[in-house]
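As provided, run34.txt (compact mmCIF, C-alpha atoms and all ligand atoms) reads as follows.
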```txt
# COMPACT_ATOMS: atom_id res chain seq x y z
CA MET A 212 0.00 0.00 0.00
CA LYS A 213 1.39 3.35 -1.01
CA LEU A 214 0.21 6.71 0.33
CA ARG A 215 0.68 9.87 -1.73
CA ASN A 216 2.21 11.61 1.30
CA ARG A 217 2.74 11.25 5.06
CA PHE A 218 -0.29 13.23 6.25
CA VAL A 219 -2.94 11.26 8.10
CA LYS A 220 -6.36 12.59 9.12
CA ALA A 221 -6.69 11.38 12.71
CA ALA A 222 -10.04 9.92 13.75
CA THR A 223 -12.47 12.62 14.91
CA PHE A 224 -15.81 10.97 15.55
CA GLU A 225 -18.18 12.40 12.93
CA GLY A 226 -21.51 12.03 14.74
CA LEU A 227 -23.38 11.25 11.51
CA GLY A 228 -25.71 8.42 10.59
CA ASN A 229 -27.80 5.93 12.52
CA GLY A 230 -25.10 3.59 13.84
CA ARG A 231 -25.80 0.84 11.31
CA GLU A 232 -25.19 2.29 7.86
CA VAL A 233 -22.83 4.79 6.24
CA PRO A 234 -24.74 7.93 5.17
CA ASP A 235 -23.66 10.15 2.26
CA ASP A 236 -22.74 13.06 4.53
CA LEU A 237 -20.19 10.84 6.29
CA ILE A 238 -18.57 10.17 2.92
CA ASP A 239 -18.69 13.89 2.07
CA PHE A 240 -16.97 14.71 5.39
CA HIS A 241 -13.98 12.54 4.43
CA ARG A 242 -14.02 13.41 0.73
CA ALA A 243 -13.36 17.05 1.71
CA VAL A 244 -10.26 15.95 3.66
CA ALA A 245 -9.11 13.70 0.80
CA ASP A 246 -9.66 16.52 -1.72
CA GLY A 247 -7.69 18.72 0.67
CA GLY A 248 -4.55 16.67 0.14
CA VAL A 249 -4.01 14.12 2.97
CA GLY A 250 -2.59 10.70 2.10
CA LEU A 251 -4.86 8.78 4.48
CA THR A 252 -8.15 9.66 6.15
CA THR A 253 -9.52 7.71 9.11
CA LEU A 254 -13.18 6.81 9.52
CA ALA A 255 -13.54 7.48 13.24
CA PHE A 256 -14.52 5.21 16.02
CA CYS A 257 -16.44 2.16 14.80
CA ALA A 258 -17.48 -0.35 17.44
CA VAL A 259 -16.75 -4.03 16.96
CA SER A 260 -19.93 -4.97 18.86
CA GLU A 261 -23.13 -3.40 20.22
CA ASP A 262 -21.71 -3.27 23.74
CA GLY A 263 -18.58 -1.59 22.39
CA ARG A 264 -20.28 1.71 21.61
CA GLY A 265 -19.35 4.77 23.64
CA ALA A 266 -21.45 7.53 22.06
CA PRO A 267 -24.70 7.76 20.11
CA LYS A 268 -24.53 7.08 16.36
CA GLU A 269 -21.28 5.12 16.53
CA LEU A 270 -21.27 2.62 13.72
CA VAL A 271 -21.28 -1.04 14.72
CA VAL A 272 -19.33 -2.83 12.00
CA GLY A 273 -21.63 -5.57 10.73
CA PRO A 274 -23.14 -6.80 7.46
CA ASP A 275 -25.58 -3.82 7.25
CA ALA A 276 -22.64 -1.43 7.14
CA ALA A 277 -20.74 -3.24 4.38
CA PRO A 278 -22.28 -1.61 1.26
CA GLY A 279 -21.79 1.88 2.72
CA LEU A 280 -18.24 1.10 3.80
CA ARG A 281 -17.52 0.01 0.23
CA ARG A 282 -18.94 3.30 -1.13
CA PHE A 283 -16.81 5.14 1.43
CA THR A 284 -13.51 3.55 0.37
CA GLU A 285 -14.31 3.98 -3.35
CA ALA A 286 -15.05 7.69 -2.86
CA ILE A 287 -11.84 8.30 -0.91
CA ARG A 288 -9.72 6.43 -3.44
CA ALA A 289 -11.34 8.38 -6.29
CA ALA A 290 -10.17 11.54 -4.50
CA GLY A 291 -6.57 10.26 -4.49
CA ALA A 292 -6.27 9.25 -0.84
CA GLU A 293 -6.51 5.93 1.03
CA ALA A 294 -9.03 5.04 3.73
CA ALA A 295 -8.41 3.82 7.28
CA ILE A 296 -11.07 2.64 9.72
CA GLN A 297 -10.73 2.89 13.48
CA LEU A 298 -12.02 -0.23 15.21
CA GLY A 299 -12.51 -0.44 18.94
CA HIS A 300 -14.52 -1.34 22.00
CA ALA A 301 -15.42 1.62 24.22
CA GLY A 302 -15.17 -0.41 27.43
CA PRO A 303 -15.52 1.88 30.47
CA VAL A 304 -16.10 4.93 28.23
CA GLY A 305 -19.51 3.37 27.49
CA ALA A 306 -20.35 3.73 31.19
CA ALA A 307 -19.06 7.31 31.34
CA ALA A 308 -21.35 8.19 28.45
CA GLY A 309 -24.24 6.65 30.40
CA ARG A 310 -25.02 4.25 27.53
CA GLN A 311 -23.76 0.81 28.42
CA ALA A 312 -22.86 -1.25 31.47
CA GLY A 313 -19.30 -0.21 30.64
CA LEU A 314 -17.16 -3.28 30.39
CA ALA A 315 -13.82 -2.80 32.14
CA PRO A 316 -11.01 -4.92 33.55
CA SER A 317 -12.36 -4.35 37.07
CA ARG A 318 -15.47 -2.91 38.68
CA VAL A 319 -14.75 0.79 39.19
CA PHE A 320 -16.98 3.78 39.83
CA ALA A 321 -17.72 6.10 36.90
CA PRO A 322 -18.56 9.38 38.71
CA GLN A 323 -19.76 11.22 35.58
CA ALA A 324 -22.48 8.62 35.07
CA VAL A 325 -22.94 7.77 38.77
CA ARG A 326 -22.58 4.06 38.09
CA PHE A 327 -20.11 1.20 38.29
CA THR A 328 -18.41 -0.48 35.37
CA ARG A 329 -18.72 -4.26 34.94
CA ALA A 330 -15.60 -6.45 35.19
CA ALA A 331 -15.09 -8.41 31.96
CA THR A 332 -15.23 -12.19 32.17
CA GLU A 333 -13.00 -14.60 30.24
CA ALA A 334 -15.97 -15.25 27.94
CA ASP A 335 -16.42 -11.50 27.29
CA LEU A 336 -12.76 -11.15 26.35
CA GLU A 337 -12.76 -14.18 24.08
CA ARG A 338 -15.88 -12.87 22.33
CA ILE A 339 -14.47 -9.36 21.93
CA VAL A 340 -11.16 -10.57 20.45
CA GLY A 341 -13.28 -12.50 17.94
CA ASP A 342 -15.44 -9.41 17.29
CA PHE A 343 -12.33 -7.41 16.39
CA ALA A 344 -11.34 -10.10 13.88
CA VAL A 345 -14.81 -10.23 12.27
CA ALA A 346 -15.00 -6.42 12.00
CA ALA A 347 -11.47 -6.31 10.54
CA GLY A 348 -12.52 -8.89 7.94
CA ILE A 349 -15.46 -6.70 6.90
CA ALA A 350 -13.17 -3.64 6.73
CA ALA A 351 -10.64 -5.45 4.55
CA ASP A 352 -13.38 -6.83 2.28
CA THR A 353 -14.89 -3.36 1.80
CA GLY A 354 -11.64 -1.84 0.60
CA PHE A 355 -9.98 -0.17 3.60
CA SER A 356 -6.19 0.02 3.22
CA VAL A 357 -5.55 0.51 6.92
CA ILE A 358 -7.24 -0.90 10.01
CA GLU A 359 -6.48 1.21 13.07
CA LEU A 360 -7.07 -0.54 16.39
CA HIS A 361 -8.05 1.76 19.25
CA PHE A 362 -5.70 0.99 22.14
CA GLY A 363 -5.92 4.44 23.72
CA HIS A 364 -8.08 7.00 25.53
CA GLY A 365 -9.39 4.72 28.30
CA TYR A 366 -11.31 2.53 25.84
CA LEU A 367 -11.40 -1.20 26.64
CA VAL A 368 -7.90 -2.22 25.53
CA SER A 369 -6.41 0.95 27.04
CA SER A 370 -8.21 0.32 30.35
CA PHE A 371 -6.58 -3.12 30.51
CA LEU A 372 -3.16 -1.48 30.07
CA SER A 373 -3.87 0.91 32.95
CA PRO A 374 -2.47 -0.15 36.35
CA LYS A 375 -5.16 2.04 37.92
CA LEU A 376 -8.22 0.60 36.18
CA ASN A 377 -6.92 -2.97 35.85
CA ARG A 378 -6.92 -4.50 39.33
CA ARG A 379 -7.20 -8.10 38.18
CA ASP A 380 -5.08 -10.86 39.65
CA ASP A 381 -5.62 -13.35 36.81
CA GLY A 382 -3.68 -13.67 33.53
CA TRP A 383 -5.08 -10.33 32.29
CA GLY A 384 -3.81 -8.17 35.17
CA GLY A 385 -0.74 -7.45 37.28
CA SER A 386 2.46 -7.29 35.20
CA ILE A 387 2.61 -5.16 32.05
CA GLU A 388 2.88 -8.41 30.06
CA ASN A 389 -0.50 -9.48 31.45
CA ARG A 390 -2.07 -6.04 31.04
CA ALA A 391 -0.85 -5.90 27.42
CA ARG A 392 -2.30 -9.34 26.69
CA LEU A 393 -5.62 -8.05 25.38
CA ALA A 394 -3.85 -5.61 23.02
CA ARG A 395 -1.59 -8.37 21.75
CA GLU A 396 -4.39 -10.90 21.31
CA VAL A 397 -6.56 -8.39 19.45
CA ALA A 398 -3.68 -7.43 17.13
CA GLN A 399 -2.87 -11.08 16.49
CA ALA A 400 -6.49 -12.03 15.79
CA VAL A 401 -6.88 -9.11 13.38
CA ARG A 402 -3.65 -9.92 11.59
CA ASP A 403 -4.64 -13.59 11.31
CA GLN A 404 -7.97 -12.50 9.82
CA VAL A 405 -6.68 -10.03 7.22
CA GLY A 406 -3.22 -11.41 6.45
CA THR A 407 -0.96 -8.91 4.74
CA SER A 408 -3.65 -7.55 2.42
CA VAL A 409 -4.09 -4.41 4.53
CA ALA A 410 -1.98 -2.44 6.98
CA VAL A 411 -2.87 -2.86 10.65
CA THR A 412 -1.96 -0.02 13.02
CA ALA A 413 -2.84 0.84 16.61
CA LYS A 414 -3.52 4.11 18.39
CA LEU A 415 -1.72 3.56 21.68
CA ASN A 416 -1.65 5.61 24.87
CA MET A 417 1.78 6.78 25.97
CA ALA A 418 0.31 8.20 29.20
CA ASP A 419 -3.21 8.23 30.62
CA GLY A 420 -2.61 11.62 32.27
CA VAL A 421 -3.85 10.50 35.71
CA ASP A 422 -2.07 9.53 38.93
CA GLY A 423 -1.52 5.79 38.97
CA GLY A 424 -2.39 5.43 35.28
CA LEU A 425 -0.29 4.11 32.41
CA TRP A 426 2.89 6.11 31.88
CA LEU A 427 5.99 6.00 29.71
CA ALA A 428 7.95 3.41 31.66
CA GLU A 429 5.27 0.81 30.99
CA SER A 430 3.70 2.09 27.77
CA VAL A 431 7.08 1.87 25.99
CA GLU A 432 7.34 -1.70 27.26
CA ALA A 433 3.86 -2.51 25.92
CA ALA A 434 4.89 -1.05 22.55
CA ARG A 435 8.05 -3.18 22.58
CA LEU A 436 5.94 -6.30 23.11
CA LEU A 437 3.66 -5.33 20.23
CA GLU A 438 6.64 -4.64 18.02
CA ALA A 439 8.20 -8.01 18.87
CA ASP A 440 4.93 -9.77 17.96
CA GLY A 441 5.21 -8.33 14.45
CA THR A 442 1.44 -7.97 14.15
CA LEU A 443 1.31 -4.20 13.57
CA ASP A 444 2.60 -2.00 10.75
CA ALA A 445 2.70 1.26 12.72
CA LEU A 446 1.73 2.90 16.00
CA GLU A 447 -0.07 6.23 16.33
CA LEU A 448 1.01 7.72 19.66
CA THR A 449 -1.56 9.40 21.87
CA GLY A 450 -2.47 9.97 25.52
CA GLY A 451 -5.28 10.91 27.88
CA SER A 452 -8.56 9.22 28.68
CA SER A 453 -12.14 9.90 27.69
CA PHE A 454 -13.01 8.02 30.91
CA GLU A 455 -10.71 9.78 33.36
CA ASN A 456 -9.09 12.90 31.89
CA PRO A 457 -10.25 13.93 28.40
CA MET A 458 -8.45 17.28 28.15
CA TYR A 459 -5.06 15.58 28.42
CA LEU A 460 -5.76 14.31 24.90
CA PHE A 461 -6.39 17.75 23.45
CA ARG A 462 -4.82 20.46 25.63
CA GLY A 463 -6.33 23.93 25.38
CA GLU A 464 -9.62 25.08 26.90
CA ALA A 465 -12.17 22.69 28.43
CA PRO A 466 -15.58 23.34 26.77
CA VAL A 467 -17.54 22.47 29.94
CA ALA A 468 -20.68 24.54 29.31
CA GLU A 469 -20.98 23.37 25.69
CA MET A 470 -20.41 19.76 26.72
CA ALA A 471 -22.95 19.92 29.57
CA ALA A 472 -25.57 21.36 27.20
CA MET A 473 -25.46 18.12 25.19
CA PHE A 474 -26.66 15.95 28.10
CA PRO A 475 -30.06 15.54 29.76
CA PRO A 476 -30.48 17.48 33.06
CA PRO A 477 -29.25 14.92 35.66
CA LEU A 478 -26.08 14.12 33.66
CA ARG A 479 -25.67 17.81 32.83
CA LEU A 480 -25.51 18.69 36.50
CA GLY A 481 -23.18 15.75 37.19
CA LEU A 482 -20.78 16.92 34.49
CA LYS A 483 -20.78 20.51 35.74
CA LEU A 484 -20.14 19.39 39.32
CA THR A 485 -17.31 17.03 38.40
CA ALA A 486 -15.83 19.14 35.58
CA LYS A 487 -13.06 20.76 37.63
CA ARG A 488 -11.73 17.34 38.60
CA PHE A 489 -12.72 15.39 35.46
CA MET A 490 -11.90 18.02 32.84
CA PRO A 491 -8.93 20.07 34.03
CA SER A 492 -7.54 22.09 31.12
CA TYR A 493 -3.91 22.09 30.05
CA PRO A 494 -1.99 24.78 28.19
CA PHE A 495 -1.80 24.10 24.47
CA GLU A 496 1.62 23.78 22.83
CA GLU A 497 2.45 22.93 19.23
CA ALA A 498 3.25 19.18 18.97
CA TYR A 499 2.52 18.67 22.67
CA PHE A 500 3.16 14.91 22.57
CA LEU A 501 6.56 15.18 20.85
CA ALA A 502 8.75 14.78 23.96
CA TYR A 503 6.88 11.62 24.98
CA ALA A 504 6.75 10.26 21.43
CA ARG A 505 10.54 10.61 21.15
CA GLN A 506 10.88 8.01 23.91
CA PHE A 507 9.07 5.56 21.65
CA ARG A 508 11.16 6.57 18.66
CA ALA A 509 14.31 5.84 20.67
CA ALA A 510 13.05 2.44 21.85
CA LEU A 511 11.40 1.05 18.70
CA SER A 512 12.27 0.51 15.06
CA MET A 513 8.70 0.14 13.69
CA PRO A 514 7.00 3.06 11.86
CA LEU A 515 5.47 5.67 14.17
CA MET A 516 2.92 8.45 13.67
CA LEU A 517 3.28 11.68 15.59
CA LEU A 518 -0.04 13.16 16.72
CA GLY A 519 -1.18 16.02 18.90
CA GLY A 520 -1.25 19.72 18.14
CA ILE A 521 0.33 19.80 14.70
CA ASN A 522 -0.55 23.04 12.90
CA ARG A 523 2.61 24.03 11.03
CA LEU A 524 4.67 22.55 8.21
CA ASP A 525 7.94 23.16 10.08
CA THR A 526 6.57 20.93 12.87
CA VAL A 527 5.96 18.23 10.25
CA HIS A 528 9.53 18.54 8.93
CA GLN A 529 10.85 18.36 12.49
CA ALA A 530 8.81 15.20 13.11
CA LEU A 531 10.20 13.56 9.97
CA ALA A 532 13.73 14.63 10.94
CA ASP A 533 13.14 13.05 14.36
CA GLY A 534 12.41 9.74 12.65
CA PHE A 535 8.60 9.66 12.62
CA GLN A 536 7.20 8.21 9.40
CA PHE A 537 3.79 9.94 9.47
CA VAL A 538 2.03 12.89 11.07
CA ALA A 539 -1.60 12.62 12.13
CA MET A 540 -3.82 15.67 12.52
CA GLY A 541 -7.32 16.03 13.92
CA ARG A 542 -8.48 19.55 14.74
CA ALA A 543 -6.23 21.34 12.21
CA LEU A 544 -8.11 19.41 9.50
CA LEU A 545 -11.54 20.02 11.05
CA ARG A 546 -10.76 23.73 10.91
CA GLU A 547 -9.20 23.54 7.41
CA PRO A 548 -9.68 20.26 5.51
CA ASP A 549 -7.44 21.65 2.72
CA ILE A 550 -4.48 22.72 4.83
CA VAL A 551 -2.18 20.10 3.24
CA ASN A 552 -2.85 21.49 -0.26
CA ARG A 553 -2.30 24.98 1.05
CA TRP A 554 1.13 24.02 2.41
CA GLN A 555 2.14 22.99 -1.14
CA THR A 556 2.22 26.64 -2.15
CA GLU A 557 2.51 28.43 1.20
CA ALA A 558 4.98 26.52 3.36
CA GLY A 559 4.96 29.13 6.12
CA TYR A 560 1.17 29.05 6.57
CA GLU A 561 0.03 28.38 10.14
CA GLY A 562 -3.29 26.61 10.67
CA LEU A 563 -6.28 28.58 11.96
CA CYS A 564 -7.41 26.20 14.72
CA VAL A 565 -7.44 28.06 18.06
CA HIS A 566 -7.65 24.88 20.23
CA CYS A 567 -10.90 26.01 21.87
CA ASN A 568 -12.14 22.40 21.73
CA LYS A 569 -15.69 23.54 21.06
CA CYS A 570 -15.79 20.94 18.28
CA MET A 571 -15.79 18.23 20.99
CA PRO A 572 -19.48 18.55 21.93
CA THR A 573 -20.48 18.76 18.25
CA ILE A 574 -19.90 14.98 18.01
CA TYR A 575 -23.51 14.64 19.19
CA ARG A 576 -25.02 16.49 16.22
CA GLY A 577 -22.58 16.27 13.31
CA THR A 578 -18.95 17.05 14.07
CA HIS A 579 -17.65 20.39 12.84
CA CYS A 580 -15.37 23.26 13.72
CA VAL A 581 -17.50 26.00 15.25
CA LEU A 582 -15.45 28.62 13.38
CA VAL A 583 -16.39 27.19 9.97
CA PRO A 584 -19.71 28.73 8.83
CA PRO A 585 -22.44 26.21 7.90
CA GLU A 586 -22.30 27.11 4.20
CA ALA A 587 -18.57 26.28 4.07
CA ARG A 588 -18.93 22.82 5.68
CA PRO A 589 -18.75 19.66 3.56
C1 LIG B 1 -14.33 16.26 17.67
C2 LIG B 1 -13.29 15.23 17.96
C3 LIG B 1 -13.62 13.88 17.90
C4 LIG B 1 -12.64 12.90 18.15
N1 LIG B 1 -12.96 11.57 18.00
C5 LIG B 1 -11.99 10.64 18.13
C6 LIG B 1 -12.26 9.29 17.85
O1 LIG B 1 -13.35 8.89 17.43
N2 LIG B 1 -11.25 8.39 18.04
C7 LIG B 1 -10.01 8.78 18.47
O2 LIG B 1 -9.12 7.95 18.63
N3 LIG B 1 -9.73 10.06 18.72
C8 LIG B 1 -10.67 11.00 18.54
N4 LIG B 1 -10.37 12.31 18.72
C9 LIG B 1 -8.98 12.67 19.09
C10 LIG B 1 -8.13 12.99 17.85
O3 LIG B 1 -7.98 11.85 17.02
C11 LIG B 1 -6.72 13.43 18.27
O4 LIG B 1 -6.15 12.39 19.03
C12 LIG B 1 -6.74 14.72 19.09
O5 LIG B 1 -7.68 15.64 18.58
C13 LIG B 1 -5.35 15.37 19.10
O6 LIG B 1 -4.91 15.64 17.80
P1 LIG B 1 -5.01 17.15 17.15
O7 LIG B 1 -4.24 18.06 18.07
O8 LIG B 1 -4.37 17.02 15.81
O9 LIG B 1 -6.44 17.52 17.11
C14 LIG B 1 -11.32 13.29 18.48
C15 LIG B 1 -10.99 14.65 18.52
C16 LIG B 1 -11.96 15.62 18.26
C17 LIG B 1 -11.56 17.06 18.30
S1 LIG B 2 -13.75 24.15 17.19
FE1 LIG B 2 -12.42 24.60 15.45
S2 LIG B 2 -10.94 26.08 16.25
FE2 LIG B 2 -11.90 25.11 18.03
S3 LIG B 2 -10.53 23.36 18.49
FE3 LIG B 2 -12.14 22.58 17.15
S4 LIG B 2 -11.26 22.74 15.10
FE4 LIG B 2 -10.03 24.06 16.41
```
Would you write out, as structure tokens, the structure that this file holds?
Amino acid sequence: MKLRNRFVKAATFEGLGNGREVPDDLIDFHRAVADGGVGLTTLAFCAVSEDGRGAPKELVVGPDAAPGLRRFTEAIRAAGAEAAIQLGHAGPVGAAAGRQAGLAPSRVFAPQAVRFTRAATEADLERIVGDFAVAAGIAADTGFSVIELHFGHGYLVSSFLSPKLNRRDDGWGGSIENRARLAREVAQAVRDQVGTSVAVTAKLNMADGVDGGLWLAESVEAARLLEADGTLDALELTGGSSFENPMYLFRGEAPVAEMAAMFPPPLRLGLKLTAKRFMPSYPFEEAYFLAYARQFRAALSMPLMLLGGINRLDTVHQALADGFQFVAMGRALLREPDIVNRWQTEAGYEGLCVHCNKCMPTIYRGTHCVLVPPEARP
């Protein structure tokens, strides 16, 4: 598989459709990014099973979705780019969103939703590993060039990696080898399913951004294990947790009022009351994950994608000089889907995203940058 360049549109959940099929506006959303010059665009979070959904409208990858997924990949390829699909299981994030029991390694309290998560059984884990393989098979059959496995942000696989959320004393908990077992089994099952016909990557947390959570010393070790397995073609490096500390993922302002407005009254109040603790904001810096990602670059030889706060072409050149093979961008491309084309003629151009994060709550009604007027949206 060959990409026309090293720019990847990172998954930003689109909030379109009915959760079963791929609507035309979802294709239009990604066609705009493909027309805008990226090499690869990522269809955002798709659940591998019903209980793996974390937010309304998330597509469950099943037979109903296949014709639309095929139309999606054909449209993106016609625009000169390749298509990736992000596959995952929301795990405890499902509980935080108040939607599901919230499968997790251990039973823990989800304060935002005022409920407990449910500890996964052996049977749950066996089923979910199989669900990843089935969904990956559908993705490969419908023309995706890249399958991105979601191993970050407090979703199920990420919660198993976390020493804070994973309190198990069986073969899935304790040492980092045991906590990385679910990630490794999922990657292996997916690779066995799709062979070498498509690239398989994973979005992996470097740090959860909470006391007692996953951090570099162990996340680098987990990455080393994945590299040694030889199941993955690249890692996209991320951090933070939609379950425990979402702003660590994004940096910049916490859009608490806008977020609260999206929930029904009891949850709205809960979010406002817990926001100071649950959504602390962090100052935004260009390429804010670079220092952490360099630790992975030093420890691994496999291809790596740098992600997090990339808005300038000189940052991209620096990333390539530091040995990263790809750069992934989320908000810069929500703000300006054509920024890659623009950089072809205006190398010094700095993206217009102001890191206000007000696009976050728009995932509930069609994801967009609030600074892009409706008539200019795809
Ligand atoms: C509106 C929105 C939705 C997002 N949805 C997802 C998602 O579905 N899956 C995921 O892994 N990350 C998601 N992210 C996180 C981005 O992929 C990325 O990790 C983050 O925005 C940092 O990159 P950036 O600074 O280039 O935006 C989302 C981000 C935004 C702003
Ligand atoms: S709403 Fe627009 S400007 Fe604000 S963070 Fe999102 S993409 Fe950037």
Practice task
Return the single residue from A:Met458, A:Val319, A:Met470, A:Ala222 that is closest to A:Arg576, with distances computed using all atoms listed in the file.
Solution key: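 That would be A:Met470, the residue with the smallest distance to A:Arg576.
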Exercise for the section: Can you tell me which residues come within 8 Å of ligand LIG 1 (chain B) when counting all atoms listed in the file, ideally as JSON, numbers by chain? Expected result: {"A": [221, 222, 223, 224, 225, 255, 256, 257, 297, 361, 363, 364, 414, 449, 450, 460, 461, 462, 498, 518, 519, 520, 521, 522, 539, 540, 541, 542, 543, 544, 545, 566, 568, 570, 571, 572, 573, 574, 578, 579]}
Practice task
Select, from A:Ala344, A:Leu427, A:Ala306, A:Ala509, the residue with the minimum atom-to-atom distance to A:Glu455, counting only C-alpha atoms.
Solution key: A:Ala306
Handout entry: One-decimal distance in Å that lies between atom CA of A:Ser356 and atom CA of A:Asp246
Key = 17.6 Å
Hey, can I get the axis-aligned box for ligand LIG 2 (chain B)? All listed atoms, 3 Å padding on each side, centre and edge lengths in Å to one decimal, as AutoDock Vina command-line options.
```
--center_x -11.9 --center_y 24.3 --center_z 16.8 --size_x 9.7 --size_y 9.5 --size_z 9.4
```
Exercise for the section: Would you please work out which residue, of A:Leu515, A:Ala530, A:Pro466, A:Asn389, is nearest to ligand LIG 2 (chain B) when using only C-alpha atoms and all ligand atoms? Expected result: A:Pro466
Would you mind listing, for every residue of stretch 311-372 of chain A within 9 Å of stretch 264-280 of chain A, the two atoms forming the shortest contact and the distance between them in Å to one decimal, using only C-alpha atoms, sorted by chain and ascending residue number, as JSON lines?
```
{"residue": "A:Gln311", "atom": "CA", "partner": "A:Gly265", "partner_atom": "CA", "distance": 7.6}
{"residue": "A:Gly313", "atom": "CA", "partner": "A:Gly265", "partner_atom": "CA", "distance": 8.6}
{"residue": "A:Val345", "atom": "CA", "partner": "A:Gly273", "partner_atom": "CA", "distance": 8.4}
{"residue": "A:Ala346", "atom": "CA", "partner": "A:Val272", "partner_atom": "CA", "distance": 5.6}
{"residue": "A:Ala347", "atom": "CA", "partner": "A:Val272", "partner_atom": "CA", "distance": 8.7}
{"residue": "A:Ile349", "atom": "CA", "partner": "A:Ala277", "partner_atom": "CA", "distance": 6.8}
{"residue": "A:Ala350", "atom": "CA", "partner": "A:Leu280", "partner_atom": "CA", "distance": 7.5}
{"residue": "A:Asp352", "atom": "CA", "partner": "A:Ala277", "partner_atom": "CA", "distance": 8.5}
{"residue": "A:Thr353", "atom": "CA", "partner": "A:Leu280", "partner_atom": "CA", "distance": 5.9}
{"residue": "A:Gly354", "atom": "CA", "partner": "A:Leu280", "partner_atom": "CA", "distance": 7.9}
{"residue": "A:Phe355", "atom": "CA", "partner": "A:Leu280", "partner_atom": "CA", "distance": 8.4}
{"residue": "A:Tyr366", "atom": "CA", "partner": "A:Gly265", "partner_atom": "CA", "distance": 8.6}
```
Exercise for the section: Excluding stretch 430-445 of chain A and residues on its chain fewer than 4 positions from it, collect all residues at most 9 Å away from it, counting only C-alpha atoms, and give them as JSON, numbers by chain. Expected result: {"A": [372, 387, 388, 390, 391, 394, 395, 398, 399, 401, 402, 403, 410, 411, 412, 413, 414, 415, 416, 417, 418, 425, 426, 506, 507, 510, 511, 512, 513, 514, 515, 516, 536]}
Practice task
Quote the spacing between atom CA of A:Cys567 and atom CA of A:Leu446 in Å to one decimal place.
Solution key: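 So the answer is 27.0 Å.
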